[in-house]
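Dropping protein-v7.pdb in here (PDB, C-alpha atoms):
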```pdb
ATOM      1  CA  THR W   1      -4.076 -22.327  -6.852
ATOM      2  CA  MET W   2      -3.202 -19.854  -4.105
ATOM      3  CA  ILE W   3      -0.217 -18.205  -5.782
ATOM      4  CA  SER W   4       0.578 -18.127  -9.466
ATOM      5  CA  CYS W   5       3.875 -16.805 -10.831
ATOM      6  CA  VAL W   6       4.984 -16.297 -14.409
ATOM      7  CA  VAL W   7       8.736 -16.168 -15.056
ATOM      8  CA  ASP W   8       9.650 -12.515 -15.711
ATOM      9  CA  GLY W   9       5.949 -11.705 -15.520
ATOM     10  CA  ALA W  10       2.853 -11.408 -13.382
ATOM     11  CA  VAL W  11       2.267 -12.723  -9.869
ATOM     12  CA  ALA W  12      -1.239 -13.313  -8.485
ATOM     13  CA  LEU W  13      -2.385 -14.095  -4.950
ATOM     14  CA  ARG W  14      -5.772 -15.688  -4.396
ATOM     15  CA  TYR W  15      -8.025 -16.084  -1.372
ATOM     16  CA  ASP W  16     -10.846 -18.614  -1.429
ATOM     17  CA  GLY W  17     -10.547 -18.946  -5.211
ATOM     18  CA  SER W  18     -10.690 -15.192  -5.930
ATOM     19  CA  GLN W  19      -7.708 -13.164  -7.115
ATOM     20  CA  LYS W  20      -6.973 -10.438  -4.551
ATOM     21  CA  ILE W  21      -3.513  -9.092  -5.489
ATOM     22  CA  ALA W  22      -1.932  -9.065  -8.927
ATOM     23  CA  THR W  23       1.252  -7.544 -10.336
ATOM     24  CA  SER W  24       1.760  -6.327 -13.879
ATOM     25  CA  ALA W  25       4.278  -4.328 -15.878
ATOM     26  CA  THR W  26       2.617  -1.118 -14.649
ATOM     27  CA  GLY W  27       2.178  -1.888 -10.940
ATOM     28  CA  VAL W  28      -0.103  -3.709  -8.510
ATOM     29  CA  THR W  29      -3.867  -4.229  -8.434
ATOM     30  CA  VAL W  30      -5.705  -4.969  -5.180
ATOM     31  CA  ASP W  31      -9.265  -6.293  -5.156
ATOM     32  CA  GLY W  32     -10.717  -5.480  -1.733
ATOM     33  CA  ASP W  33      -9.803  -3.198   1.132
ATOM     34  CA  ILE W  34      -6.319  -2.506   2.457
ATOM     35  CA  LYS W  35      -5.747  -2.485   6.193
ATOM     36  CA  MET W  36      -2.829  -0.387   7.477
ATOM     37  CA  TYR W  37      -1.267  -0.604  10.908
ATOM     38  CA  GLU W  38      -0.779   2.753  12.657
ATOM     39  CA  ILE W  39       2.833   3.937  12.695
ATOM     40  CA  SER W  40       4.798   7.047  13.457
ATOM     41  CA  THR W  41       6.281   8.961  10.523
ATOM     42  CA  PRO W  42       8.536   6.517   8.637
ATOM     43  CA  ALA W  43      12.127   7.198   7.625
ATOM     44  CA  ALA W  44      12.363   8.769   4.176
ATOM     45  CA  VAL W  45      13.789   6.785   1.267
ATOM     46  CA  ALA W  46      15.034   8.862  -1.670
ATOM     47  CA  ASN W  47      12.906   8.508  -4.826
ATOM     48  CA  TYR W  48      10.176   6.543  -2.992
ATOM     49  CA  GLY W  49       6.929   7.746  -1.451
ATOM     50  CA  SER W  50       5.056   6.222   1.473
ATOM     51  CA  VAL W  51       1.345   6.144   2.321
ATOM     52  CA  TYR W  52       0.520   5.447   5.969
ATOM     53  CA  THR W  53      -1.856   6.152   8.845
ATOM     54  CA  LYS W  54      -1.031   7.345  12.345
ATOM     55  CA  SER W  55      -2.891   7.152  15.672
ATOM     56  CA  ASP W  56      -4.925  10.257  14.737
ATOM     57  CA  ASN W  57      -6.720   8.091  12.117
ATOM     58  CA  LYS W  58      -5.632  10.398   9.284
ATOM     59  CA  LEU W  59      -3.983   9.267   6.055
ATOM     60  CA  TYR W  60      -0.566  10.648   5.074
ATOM     61  CA  PHE W  61       1.801  10.663   2.108
ATOM     62  CA  GLN W  62       5.520  11.140   2.598
ATOM     63  CA  ASP W  63       7.603  12.087  -0.444
ATOM     64  CA  GLY W  64      11.130  10.834  -1.110
ATOM     65  CA  ALA W  65      12.585  13.950   0.553
ATOM     66  CA  GLY W  66      10.790  13.069   3.802
ATOM     67  CA  THR W  67       8.118  15.771   3.661
ATOM     68  CA  GLU W  68       4.831  14.589   5.161
ATOM     69  CA  HIS W  69       1.536  15.600   3.525
ATOM     70  CA  GLU W  70      -1.894  14.903   5.000
ATOM     71  CA  ILE W  71      -4.234  13.359   2.440
ATOM     72  CA  ALA W  72      -7.496  15.273   2.796
ATOM     73  CA  PHE W  73     -10.865  14.232   1.424
ATOM     74  CA  ALA W  74     -13.514  16.770   0.467
TER      75      ALA W  74
END
```
Please express what this file holds, its structure, as structure tokens.
Amino acid sequence: TMISCVVDGAVALRYDGSQKIATSATGVTVDGDIKMYEISTPAAVANYGSVYTKSDNKLYFQDGAGTEHEIAFA
């Protein structure tokens, strides 16, 4: 099974027999790394945040008002 879907419930995506992405009532779980394509600052969408990377290889969060915040690691 590559994709399993439960009516009004969870969805799971599998690769080579292992579950990699799963949805639940509280969100999404990813097993493995996430690759992101470099973009310029995206357009803001009210009440939604965005996480993205740009060509400077830094990670950013944009809030629903469109304010960009660099995600810094200690």
Separation of CA of Ala43 (chain W) from CA of Gly64 (chain W) in Å: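 Interatomic distance, CA of Gly64 (chain W) to CA of Ala43 (chain W): 9.5 Å.
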Expected selection from the PyMOL selection byres ((chain W and resi 58-60) around 12), given as a list in words: Lys35, Met36, Tyr37, Glu38, Ile39, Ser40, Thr41, Pro42, Gly49, Ser50, Val51, Tyr52, Thr53, Lys54, Ser55, Asp56, Asn57, Phe61, Gln62, Asp63, Gly66, Thr67, Glu68, His69, Glu70, Ile71, Ala72 and Phe73 of chain W
Result set, the PyMOL selection byres ((chain W and resi 30) around 10) on current file, as a ChimeraX atom specification: /W:13,19-23,28-29,31-34
Selection result of the PyMOL selection byres ((chain W and resi 17) around 12) on this file, as a count of residues only: 12
